[in-house]
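Asks: Okay, so here is start27.txt, and as you'll see once you scroll down, it has compact mmCIF, C-alpha atoms.
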# COMPACT_ATOMS: atom_id res chain seq x y z
CA MET A 25 140.10 -50.42 -171.21
CA ALA A 26 142.22 -52.92 -169.32
CA ASN A 27 143.93 -51.84 -166.10
CA THR A 28 147.64 -52.26 -166.84
CA ARG A 29 148.22 -53.40 -163.24
CA SER A 30 145.54 -56.13 -163.23
CA PRO A 31 146.56 -59.78 -163.71
CA ILE A 32 147.09 -61.18 -167.20
CA THR A 33 146.19 -64.79 -168.01
CA GLN A 34 147.84 -66.74 -170.82
CA PHE A 35 146.22 -69.76 -172.49
CA TYR A 36 149.02 -71.82 -174.04
CA ASN A 37 149.64 -75.20 -175.68
CA CYS A 38 146.49 -74.78 -177.74
CA ARG A 39 144.98 -74.16 -181.16
CA VAL A 40 143.05 -70.90 -181.15
CA LEU A 41 140.00 -70.36 -183.37
CA ARG A 42 140.93 -67.13 -185.10
CA ASP A 43 140.31 -65.71 -188.59
CA HIS A 44 138.43 -68.84 -189.74
CA ALA A 45 141.28 -71.20 -188.82
CA LEU A 46 142.71 -73.12 -185.88
CA VAL A 47 146.04 -71.45 -185.22
CA GLU A 48 148.77 -72.74 -182.91
CA ASP A 49 149.11 -69.69 -180.72
CA CYS A 50 148.54 -68.32 -177.24
CA LEU A 51 145.59 -66.28 -176.02
CA TYR A 52 145.85 -63.49 -173.45
CA VAL A 53 143.12 -62.20 -171.15
CA GLN A 54 142.96 -59.20 -168.84
CA ASP A 55 139.98 -57.70 -167.02
CA GLY A 56 137.58 -60.08 -168.74
CA LYS A 57 138.70 -59.14 -172.27
CA ILE A 58 140.93 -60.66 -174.95
CA ILE A 59 144.04 -58.48 -175.21
CA ASP A 60 146.82 -57.90 -177.71
CA PRO A 61 149.99 -59.16 -175.96
CA ALA A 62 152.30 -56.77 -177.85
CA LYS A 63 151.72 -53.97 -175.34
CA MET A 64 152.33 -56.33 -172.43
CA PHE A 65 155.60 -57.61 -173.88
CA TRP A 66 157.11 -54.48 -175.42
CA ASP A 67 155.65 -51.48 -173.64
CA GLU A 68 155.13 -52.79 -170.13
CA GLN A 69 157.76 -55.57 -170.29
CA ARG A 70 155.46 -57.87 -168.35
CA VAL A 71 154.96 -61.62 -168.35
CA PRO A 72 151.63 -63.37 -167.71
CA ASP A 73 150.58 -63.68 -164.09
CA VAL A 74 148.60 -66.88 -164.69
CA ARG A 75 149.37 -69.56 -167.30
CA ILE A 76 146.73 -72.14 -168.31
CA ASN A 77 147.97 -75.25 -170.10
CA CYS A 78 145.26 -76.27 -172.59
CA GLN A 79 146.85 -79.69 -173.13
CA GLY A 80 146.88 -79.29 -176.91
CA GLY A 81 143.16 -78.57 -177.02
CA ILE A 82 141.09 -76.17 -179.11
CA VAL A 83 140.36 -72.72 -177.71
CA SER A 84 137.04 -71.40 -179.01
CA PRO A 85 134.70 -68.56 -178.16
CA GLY A 86 131.84 -69.63 -175.91
CA TYR A 87 128.73 -70.92 -177.62
CA ILE A 88 125.76 -68.63 -178.33
CA ASP A 89 122.21 -70.02 -178.48
CA LEU A 90 119.80 -67.71 -180.31
CA GLN A 91 116.71 -69.77 -179.51
CA ILE A 92 115.99 -71.51 -176.24
CA ASN A 93 112.54 -71.63 -174.61
CA GLY A 94 113.65 -72.99 -171.26
CA ALA A 95 115.67 -75.65 -169.45
CA TYR A 96 116.02 -77.41 -166.10
CA GLY A 97 112.26 -77.31 -165.54
CA TYR A 98 111.81 -73.58 -166.20
CA ASP A 99 109.94 -72.03 -169.13
CA PHE A 100 110.34 -68.35 -170.07
CA SER A 101 106.74 -68.05 -171.26
CA ASN A 102 105.02 -70.06 -168.53
CA ASP A 103 106.92 -69.25 -165.35
CA THR A 104 105.90 -65.60 -165.34
CA ASP A 105 105.60 -65.41 -161.55
CA MET A 106 109.14 -66.69 -161.06
CA ILE A 107 110.80 -65.28 -164.15
CA GLU A 108 113.91 -63.98 -162.35
CA GLU A 109 114.39 -67.37 -160.74
CA ALA A 110 114.02 -68.99 -164.17
CA VAL A 111 116.56 -66.68 -165.83
CA SER A 112 119.06 -67.07 -163.00
CA ASN A 113 118.98 -70.86 -162.92
CA ILE A 114 118.87 -71.37 -166.67
CA SER A 115 121.75 -68.93 -167.17
CA LYS A 116 123.93 -70.80 -164.71
CA GLY A 117 123.00 -74.21 -166.06
CA LEU A 118 123.69 -73.18 -169.66
CA LEU A 119 127.07 -71.77 -168.68
CA LEU A 120 128.14 -75.17 -167.37
CA GLN A 121 127.18 -76.66 -170.76
CA GLY A 122 129.54 -74.25 -172.55
CA CYS A 123 126.80 -71.87 -173.69
CA THR A 124 128.14 -68.52 -172.52
CA ALA A 125 125.45 -66.27 -174.07
CA TYR A 126 121.86 -66.77 -175.24
CA CYS A 127 118.52 -65.27 -176.23
CA PRO A 128 115.73 -66.42 -173.91
CA THR A 129 112.81 -67.24 -176.17
CA THR A 130 109.10 -66.75 -175.61
CA VAL A 131 106.46 -68.57 -177.64
CA SER A 132 103.27 -66.86 -178.83
CA SER A 133 101.55 -65.41 -175.78
CA ARG A 134 98.97 -62.87 -174.77
CA PRO A 135 100.09 -59.22 -174.43
CA GLU A 136 100.01 -59.33 -170.63
CA VAL A 137 102.70 -62.03 -170.67
CA TYR A 138 105.08 -59.89 -172.74
CA HIS A 139 104.46 -56.83 -170.59
CA LYS A 140 105.25 -58.92 -167.53
CA VAL A 141 108.34 -60.89 -168.60
CA LEU A 142 110.25 -58.93 -171.27
CA SER A 143 111.85 -56.53 -168.81
CA HIS A 144 113.39 -59.59 -167.13
CA LEU A 145 114.78 -61.02 -170.38
CA GLY A 146 116.82 -58.01 -171.49
CA PRO A 147 120.60 -57.90 -171.90
CA ARG A 148 122.75 -58.63 -168.86
CA ALA A 149 126.44 -59.41 -168.64
CA GLY A 150 127.62 -62.93 -167.95
CA SER A 151 129.71 -63.85 -164.93
CA ILE A 152 130.37 -66.65 -162.47
CA GLU A 153 127.66 -65.16 -160.23
CA ARG A 154 125.05 -64.58 -162.96
CA GLY A 155 125.83 -67.39 -165.39
CA ALA A 156 125.67 -67.04 -169.17
CA ALA A 157 125.18 -63.58 -170.64
CA VAL A 158 121.65 -62.71 -171.76
CA LEU A 159 121.71 -61.02 -175.17
CA GLY A 160 118.08 -59.89 -175.12
CA ALA A 161 114.88 -61.81 -175.69
CA HIS A 162 113.85 -63.64 -178.84
CA ILE A 163 110.09 -63.20 -179.23
CA GLU A 164 108.70 -65.99 -181.41
CA GLY A 165 105.20 -64.94 -182.46
CA PRO A 166 102.35 -64.16 -182.12
CA PHE A 167 102.43 -62.47 -185.58
CA ILE A 168 102.75 -65.85 -187.30
CA SER A 169 100.76 -68.01 -189.68
CA PRO A 170 97.93 -70.11 -188.22
CA GLN A 171 98.77 -72.71 -190.89
CA LYS A 172 102.36 -72.97 -189.63
CA LYS A 173 101.84 -72.37 -185.92
CA GLY A 174 103.61 -75.56 -184.82
CA ALA A 175 103.53 -75.69 -181.02
CA HIS A 176 102.08 -72.19 -180.64
CA GLU A 177 98.61 -71.67 -179.18
CA LEU A 178 96.19 -70.66 -181.95
CA ALA A 179 94.17 -68.34 -179.69
CA THR A 180 97.20 -66.09 -179.12
CA LEU A 181 97.97 -65.42 -182.80
CA ARG A 182 97.28 -61.98 -184.28
CA THR A 183 97.70 -59.74 -187.29
CA ALA A 184 99.28 -56.30 -187.66
CA ALA A 185 96.57 -54.53 -189.63
CA ARG A 186 97.33 -51.31 -187.70
CA GLY A 187 101.08 -51.57 -188.25
CA LEU A 188 103.27 -50.32 -185.41
CA ALA A 189 100.25 -49.80 -183.19
CA ASP A 190 99.63 -53.56 -183.08
CA PHE A 191 103.24 -54.32 -182.16
CA ASP A 192 103.12 -51.62 -179.48
CA GLU A 193 99.91 -53.01 -178.03
CA CYS A 194 101.27 -56.56 -178.05
CA TYR A 195 104.86 -56.10 -176.85
CA GLY A 196 105.34 -52.42 -176.02
CA LEU A 197 107.76 -50.61 -178.35
CA ASP A 198 109.86 -49.54 -175.38
CA ASN A 199 110.20 -53.20 -174.37
CA LEU A 200 111.44 -53.96 -177.87
CA ARG A 201 114.01 -51.18 -177.72
CA LYS A 202 115.37 -52.10 -174.30
CA HIS A 203 114.93 -55.82 -173.84
CA VAL A 204 114.58 -57.65 -177.16
CA ALA A 205 117.27 -58.93 -179.54
CA TYR A 206 114.99 -60.17 -182.31
CA VAL A 207 111.42 -61.12 -183.20
CA THR A 208 110.19 -64.00 -185.36
CA MET A 209 107.19 -63.15 -187.55
CA ALA A 210 105.52 -64.39 -190.72
CA PRO A 211 105.82 -61.77 -193.47
CA GLU A 212 102.60 -62.83 -195.20
CA VAL A 213 100.46 -62.12 -192.11
CA GLU A 214 98.34 -59.01 -192.62
CA GLY A 215 100.33 -55.84 -191.96
CA VAL A 216 103.66 -57.50 -191.12
CA LEU A 217 105.54 -56.97 -194.37
CA ASP A 218 104.69 -53.28 -194.57
CA ALA A 219 105.58 -52.78 -190.90
CA ILE A 220 109.08 -54.32 -190.99
CA PRO A 221 111.03 -51.16 -191.99
CA ASP A 222 109.09 -48.99 -189.52
CA LEU A 223 109.53 -51.53 -186.73
CA ILE A 224 113.29 -51.68 -187.27
CA ALA A 225 113.56 -47.89 -187.47
CA ALA A 226 111.48 -47.40 -184.31
CA THR A 227 113.14 -50.03 -182.12
CA GLY A 228 116.43 -51.20 -183.65
CA ILE A 229 115.51 -54.87 -183.26
CA ASN A 230 116.39 -57.68 -185.66
CA ILE A 231 113.65 -59.47 -187.60
CA SER A 232 113.53 -63.17 -188.47
CA SER A 233 111.03 -64.83 -190.82
CA GLY A 234 109.48 -67.99 -189.46
CA HIS A 235 106.33 -69.97 -188.68
CA SER A 236 105.34 -68.82 -192.12
CA ASN A 237 103.53 -69.96 -195.24
CA ALA A 238 105.16 -67.17 -197.27
CA THR A 239 105.99 -67.61 -200.92
CA THR A 240 109.53 -66.96 -202.07
CA ALA A 241 108.44 -63.60 -203.50
CA VAL A 242 107.06 -62.43 -200.15
CA ALA A 243 110.04 -63.84 -198.24
CA ASN A 244 112.36 -61.94 -200.60
CA GLN A 245 110.44 -58.73 -199.95
CA ALA A 246 110.79 -59.23 -196.20
CA HIS A 247 114.52 -59.84 -196.55
CA ARG A 248 114.96 -56.71 -198.67
CA SER A 249 112.94 -54.77 -196.08
CA GLY A 250 115.32 -55.78 -193.30
CA ALA A 251 114.49 -59.30 -192.09
CA LYS A 252 117.93 -60.85 -191.69
CA MET A 253 117.27 -64.37 -190.43
CA ILE A 254 115.11 -67.47 -190.91
CA THR A 255 113.87 -69.13 -187.72
CA HIS A 256 114.56 -72.88 -187.44
CA LEU A 257 115.00 -73.51 -191.17
CA PHE A 258 112.75 -76.24 -192.67
CA ASN A 259 110.47 -76.33 -189.61
CA ALA A 260 107.06 -74.61 -189.57
CA MET A 261 107.32 -73.13 -193.05
CA HIS A 262 106.17 -73.51 -196.66
CA ALA A 263 107.63 -76.81 -197.87
CA PHE A 264 110.21 -76.66 -200.64
CA HIS A 265 108.67 -76.87 -204.12
CA GLN A 266 110.58 -76.54 -207.35
CA ARG A 267 108.36 -73.70 -208.61
CA ASP A 268 108.04 -71.90 -205.29
CA PRO A 269 110.52 -72.94 -202.60
CA GLY A 270 109.06 -70.53 -200.04
CA ILE A 271 111.32 -69.07 -197.38
CA ILE A 272 113.77 -71.92 -197.93
CA GLY A 273 114.35 -70.50 -201.40
CA LEU A 274 116.20 -67.51 -199.90
CA LEU A 275 119.22 -69.78 -199.50
CA GLY A 276 119.49 -69.82 -203.29
CA ALA A 277 119.21 -66.06 -203.78
CA ALA A 278 121.76 -64.45 -206.08
CA GLU A 279 121.91 -61.34 -203.88
CA SER A 280 122.49 -61.32 -200.10
CA ARG A 281 121.19 -64.32 -198.21
CA PRO A 282 119.86 -64.37 -194.65
CA PHE A 283 121.23 -66.11 -191.60
CA TYR A 284 119.24 -69.16 -190.61
CA GLY A 285 118.75 -71.07 -187.40
CA ILE A 286 118.91 -74.84 -187.70
CA ILE A 287 118.24 -77.53 -185.09
CA CYS A 288 120.75 -80.38 -185.41
CA ASP A 289 119.13 -82.93 -183.12
CA GLY A 290 118.40 -85.40 -185.92
CA ILE A 291 114.68 -85.08 -185.16
CA HIS A 292 113.64 -81.62 -186.35
CA VAL A 293 115.67 -81.78 -189.56
CA HIS A 294 116.96 -84.80 -191.48
CA PRO A 295 120.77 -84.85 -191.76
CA HIS A 296 120.46 -84.64 -195.57
CA SER A 297 118.48 -81.41 -195.21
CA VAL A 298 121.15 -80.02 -192.91
CA MET A 299 123.73 -80.81 -195.58
CA ILE A 300 121.65 -79.10 -198.30
CA ALA A 301 121.48 -75.93 -196.18
CA TYR A 302 125.19 -76.10 -195.41
CA TYR A 303 126.17 -76.41 -199.07
CA ALA A 304 123.73 -73.67 -200.10
CA HIS A 305 124.84 -71.05 -197.57
CA PRO A 306 127.55 -72.12 -195.10
CA GLN A 307 128.21 -68.57 -193.86
CA GLY A 308 124.59 -68.20 -192.72
CA ALA A 309 124.22 -71.22 -190.46
CA CYS A 310 123.41 -70.55 -186.81
CA LEU A 311 123.03 -73.66 -184.70
CA VAL A 312 120.15 -73.36 -182.23
CA THR A 313 118.68 -75.80 -179.74
CA ASP A 314 115.06 -74.60 -179.56
CA ALA A 315 115.28 -76.40 -176.21
CA MET A 316 112.40 -76.36 -173.77
CA SER A 317 111.98 -76.84 -170.06
CA ALA A 318 112.76 -80.57 -170.08
CA GLN A 319 116.35 -80.04 -171.23
CA CYS A 320 118.58 -82.00 -168.80
CA LEU A 321 115.56 -83.52 -167.01
CA PRO A 322 113.89 -86.97 -167.16
CA ASP A 323 111.14 -87.94 -169.61
CA GLY A 324 107.65 -86.87 -168.60
CA ALA A 325 104.99 -84.17 -168.89
CA TYR A 326 106.08 -80.52 -169.21
CA LYS A 327 104.89 -77.10 -170.36
CA LEU A 328 105.85 -75.04 -173.42
CA GLY A 329 104.17 -71.72 -172.76
CA GLU A 330 100.55 -72.73 -172.07
CA MET A 331 100.80 -75.95 -174.09
CA ASP A 332 101.10 -79.38 -172.44
CA VAL A 333 103.90 -81.44 -173.95
CA ASP A 334 105.24 -84.97 -173.57
CA VAL A 335 108.95 -85.78 -173.58
CA HIS A 336 110.24 -89.27 -174.27
CA SER A 337 113.43 -90.71 -175.75
CA GLY A 338 114.71 -87.32 -176.89
CA HIS A 339 111.44 -86.38 -178.63
CA VAL A 340 109.14 -83.54 -177.55
CA TYR A 341 105.51 -83.46 -178.76
CA ILE A 342 102.38 -81.49 -177.92
CA LYS A 343 100.37 -83.83 -175.72
CA ASP A 344 98.39 -86.47 -177.65
CA THR A 345 99.70 -85.23 -181.04
CA SER A 346 102.65 -85.79 -183.37
CA THR A 347 103.49 -82.06 -183.46
CA ILE A 348 107.11 -81.40 -182.46
CA ALA A 349 107.34 -78.90 -179.60
CA GLY A 350 111.00 -78.00 -179.21
CA SER A 351 114.01 -80.11 -178.29
CA ILE A 352 116.06 -81.19 -175.29
CA ILE A 353 119.45 -81.13 -177.01
CA SER A 354 122.41 -79.00 -175.90
CA LEU A 355 124.25 -76.64 -178.22
CA ALA A 356 127.47 -78.60 -177.66
CA GLU A 357 125.72 -81.69 -179.05
CA CYS A 358 124.42 -79.68 -182.02
CA VAL A 359 127.99 -78.67 -182.90
CA ARG A 360 129.17 -82.28 -182.91
CA ASN A 361 126.08 -83.42 -184.83
CA PHE A 362 126.66 -80.77 -187.50
CA ILE A 363 130.03 -82.33 -188.32
CA LYS A 364 128.48 -85.80 -188.30
CA PHE A 365 125.63 -84.73 -190.60
CA THR A 366 127.63 -82.66 -193.09
CA GLY A 367 131.31 -83.57 -192.91
CA ALA A 368 132.05 -79.89 -192.24
CA SER A 369 135.31 -78.87 -190.63
CA LYS A 370 135.64 -78.19 -186.91
CA VAL A 371 136.16 -74.52 -187.72
CA GLU A 372 132.88 -74.32 -189.65
CA ALA A 373 130.92 -76.16 -186.97
CA LEU A 374 132.33 -73.98 -184.20
CA GLU A 375 131.66 -70.75 -186.08
CA ASN A 376 128.04 -71.84 -186.55
CA ALA A 377 127.63 -71.68 -182.76
CA THR A 378 129.83 -68.64 -182.13
CA LEU A 379 130.67 -66.17 -184.91
CA HIS A 380 127.54 -66.50 -187.06
CA PRO A 381 125.02 -65.97 -184.21
CA ALA A 382 127.04 -62.95 -183.07
CA GLN A 383 127.09 -61.57 -186.63
CA MET A 384 123.33 -62.01 -186.90
CA LEU A 385 122.90 -59.84 -183.80
CA GLY A 386 125.65 -57.41 -184.88
CA ILE A 387 127.76 -58.03 -181.77
CA GLU A 388 130.74 -59.89 -183.28
CA SER A 389 133.23 -57.33 -181.93
CA VAL A 390 132.45 -58.47 -178.37
CA LYS A 391 130.87 -61.94 -178.66
CA GLY A 392 131.45 -65.00 -180.83
CA SER A 393 135.11 -64.31 -181.64
CA LEU A 394 138.50 -64.12 -179.94
CA THR A 395 139.47 -60.83 -181.51
CA PHE A 396 141.32 -58.28 -179.38
CA GLY A 397 138.82 -56.42 -177.21
CA ALA A 398 136.19 -59.17 -177.27
CA ASP A 399 134.71 -60.58 -174.08
CA ALA A 400 136.82 -63.42 -172.71
CA ASP A 401 134.07 -66.06 -172.95
CA ILE A 402 136.20 -69.08 -173.80
CA LEU A 403 135.90 -72.83 -174.18
CA VAL A 404 138.73 -75.34 -174.15
CA LEU A 405 137.67 -78.35 -176.22
CA ASP A 406 139.21 -81.70 -177.02
CA ASP A 407 139.65 -82.93 -180.59
CA ASN A 408 136.14 -84.40 -180.61
CA LEU A 409 134.73 -81.02 -179.50
CA PHE A 410 133.76 -82.10 -176.03
CA VAL A 411 133.98 -79.21 -173.59
CA GLN A 412 136.88 -79.53 -171.16
CA ARG A 413 136.99 -76.10 -169.52
CA ILE A 414 134.72 -73.04 -169.54
CA PHE A 415 135.59 -69.39 -168.90
CA ILE A 416 133.26 -66.40 -168.75
CA ALA A 417 134.61 -62.86 -168.58
CA GLY A 418 138.00 -64.52 -168.07
CA ALA A 419 136.99 -66.50 -164.95
CA GLU A 420 136.75 -70.27 -164.99
CA ALA A 421 133.27 -71.72 -164.42
CA THR A 422 133.01 -75.09 -162.71
CA SER A 423 130.35 -77.04 -160.87
CA GLU A 424 132.05 -75.91 -157.68
CA ASN A 425 131.63 -72.17 -158.18
CA VAL A 426 128.45 -72.09 -160.31
CA LYS A 427 125.47 -73.43 -158.37
CA PHE A 428 121.91 -73.55 -159.65
CA ASN A 429 118.58 -75.26 -159.01
CA LYS A 430 116.31 -77.37 -161.18
CA LYS A 431 112.52 -77.09 -161.00
CA LEU A 432 111.28 -80.66 -160.88
Rewrite the coordinates I just gave you, this time as structure tokens.

Replies:
Amino acid sequence: MANTRSPITQFYNCRVLRDHALVEDCLYVQDGKIIDPAKMFWDEQRVPDVRINCQGGIVSPGYIDLQINGAYGYDFSNDTDMIEEAVSNISKGLLLQGCTAYCPTTVSSRPEVYHKVLSHLGPRAGSIERGAAVLGAHIEGPFISPQKKGAHELATLRTAARGLADFDECYGLDNLRKHVAYVTMAPEVEGVLDAIPDLIAATGINISSGHSNATTAVANQAHRSGAKMITHLFNAMHAFHQRDPGIIGLLGAAESRPFYGIICDGIHVHPHSVMIAYYAHPQGACLVTDAMSAQCLPDGAYKLGEMDVDVHSGHVYIKDTSTIAGSIISLAECVRNFIKFTGASKVEALENATLHPAQMLGIESVKGSLTFGADADILVLDDNLFVQRIFIAGAEATSENVKFNKKL
């Protein structure tokens, strides 16, 4: 609860993203939270202590990236001996991009990697000192299809023939409970489909279907069993076919449809495919970067987990192959590209990087919206959706007060 004596900040001369519309209004912040100004005006008879002129700009919740493998030279799966350094620097760097919360993502790894790093990737609040909020890890693999492994190391992949016991051995169920937001798995892999309800009941995590050769029937079963998302739609999955559209077919389901991550860099997914997904299920779109360690660094040789990758001209490939291995795009660029690719409104594009990711994780009361009581993670944007100002927990983040290092 806000301290009635603490300062109140007013954002004015702006259009606030609220209730699926841009509304000419003011926004009020106290103690790092969005507040209802009625109490301030009528009960306490106070005026704001600080007034921020937004110059007619758009006020949006901060962006949320559900899938990012690394940035600024650091990799969450590879830099296991400096994982705290990686989290600290990536969190601060992402904050200055306008990404105020994220899920650090690990690629398929051996059990010892998970047991070493997951406790460092659990939820932590965002601030000027810590950078973007960490929402819990996204574990991508290793219970995925060898046929759709993408940039995951084949030797690390496994099945779940023993059900929960295999997940416990691989990740540690206590790690899942405490430190993990969601896990990507392929429902057709032995033991996975049957284990989904038990895994959710035992740990409370979210499940996403991905890196999968599943038929539509199996994907539907996984969704009905509790899988609520599709990882990087169109990539590393059963290709669309008119008689069996695979996981992609869930976007045409008559009943509830899952959320889906989609990478709008113009490389992973053709703009026409982005538009098809948008028209099929606009309320499910979650823009993700799937960025890797080379984000914001020069072209060259890098690591994605244990895999060697080459980065050149915006493309990332496993070394000496044509297999895509993540991206180097920012979430702010994805938002602008989504409008370019689909003709969607600014509201829709912004909600794809704010509200929808928060809804997928079930945290929309505190993240991804500007509702009263939500965390005051705020962006001020111009009409072309370029970030002008960034606030986390109500405090403005700038290159002067947020310092971080790159690993070159």

Asks: Starting from the point (120.0, -70.1, -166.2), work out which residues of protein, DNA or RNA have an atom no more than 10 Å away when counting only C-alpha atoms; state them as an NGL selection string.

Replies: :A and (94-96 or 98 or 108-120 or 126 or 128 or 154-158 or 428-430)

Asks: Suppose you want the space between atom CA of Asp314 of chain A and atom CA of Pro170 of chain A; what is it in Å?

Replies: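 So the answer is 19.7 Å.
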
Asks: To one decimal place in Å, what is the distance between atom CA of Gln171 of chain A and atom CA of Asp222 of chain A?

Replies: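 We find that atom CA of Gln171 of chain A and atom CA of Asp222 of chain A lie 25.9 Å from each other.
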
Asks: For Asp401 of chain A, which residue among A:Asn259, A:Thr345, A:Ser151, A:Thr422 is the nearest when counting all atoms listed in the file?

Replies: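 Looking only at the distances to Asp401 of chain A, the closest residue turns out to be A:Ser151.
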
Asks: Tell me, as a PyMOL selection string, which residues lie within 9 Å of segment 61-68 of chain A, counting all atoms listed in the file; anything in the same chain fewer than 6 positions away does not count.

Replies: chain A and resi 28+32+51-53

Asks: Between A:Arg281, A:Arg360, A:Lys427, A:Arg413, which has the minimum distance to Asn244 of chain A (counting only C-alpha atoms)?

Replies: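 Going through A:Arg281, A:Arg360, A:Lys427, A:Arg413 one by one, the smallest distance to Asn244 of chain A is for A:Arg281.
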
Asks: Have a look at A:Ala382, A:Leu355, A:Val207, A:Ile229 and name the one nearest to Phe283 of chain A; count all atoms listed in the file.

Replies: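 The answer is A:Ala382, which sits nearest to Phe283 of chain A.
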
Asks: For Asp344 of chain A, list every protein, DNA or RNA residue within 12 Å, evaluated using only C-alpha atoms, and leave out those in the same chain fewer than 4 positions away; present the list as a PyMOL selection string.

Replies: chain A and resi 325+331-335+340+348-349

Asks: Go through A:Ser133, A:Thr180, A:Thr395, A:Thr227 and flag the residue nearest Tyr206 of chain A, using only C-alpha atoms for the distances.

Replies: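 Selected residue with least distance to Tyr206 of chain A: A:Thr227.
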
Asks: Which polymer residues, protein or nucleic acid, are no farther than 9 Å from (118.1, -58.3, -191.2), counting all atoms listed in the file, as a ChimeraX atom specification?

Replies: /A:230-232,246-253,282-283,384-385

Asks: Any idea what the distance is between atom CA of Glu357 of chain A and atom CA of Ser84 of chain A?

Replies: 15.3 Å

Asks: So that I can check the surroundings of segment 263-266 of chain A, please list as a VMD selection string every protein, DNA and RNA residue that reaches within 10 Å of it, counting only C-alpha atoms and ignoring chain neighbours fewer than 3 positions away.

Replies: chain A and resid 237 to 240 258 to 260 269 to 273

Asks: For each of A:Gly80, A:Arg186, A:Ile88, A:Glu193, take the minimum atom-to-atom distance to Glu136 of chain A, counting only C-alpha atoms, then give the residue where this is smallest.

Replies: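 Closest to Glu136 of chain A, using only C-alpha atoms: A:Glu193.
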
Asks: Nearest residue to Cys358 of chain A out of A:His292, A:Lys327, A:Lys140, A:Arg267, using all atoms listed in the file?

Replies: A:His292

Asks: Env of Thr129 of chain A: 6 Å cut, atoms = only C-alpha atoms, seq-sep filter 5 positions within chain, self excluded. Answer as a list of chain:residue names.

Replies: A:Gln91, A:Ile92, A:Asn93, A:Ala161, A:His162, A:Ile163

Asks: Could you give me, as a ChimeraX atom specification, the residues within 10 Å of Asp406 of chain A, counting only C-alpha atoms and dropping anything in the same chain fewer than 2 positions from it?

Replies: /A:78-83,403-404,408-413
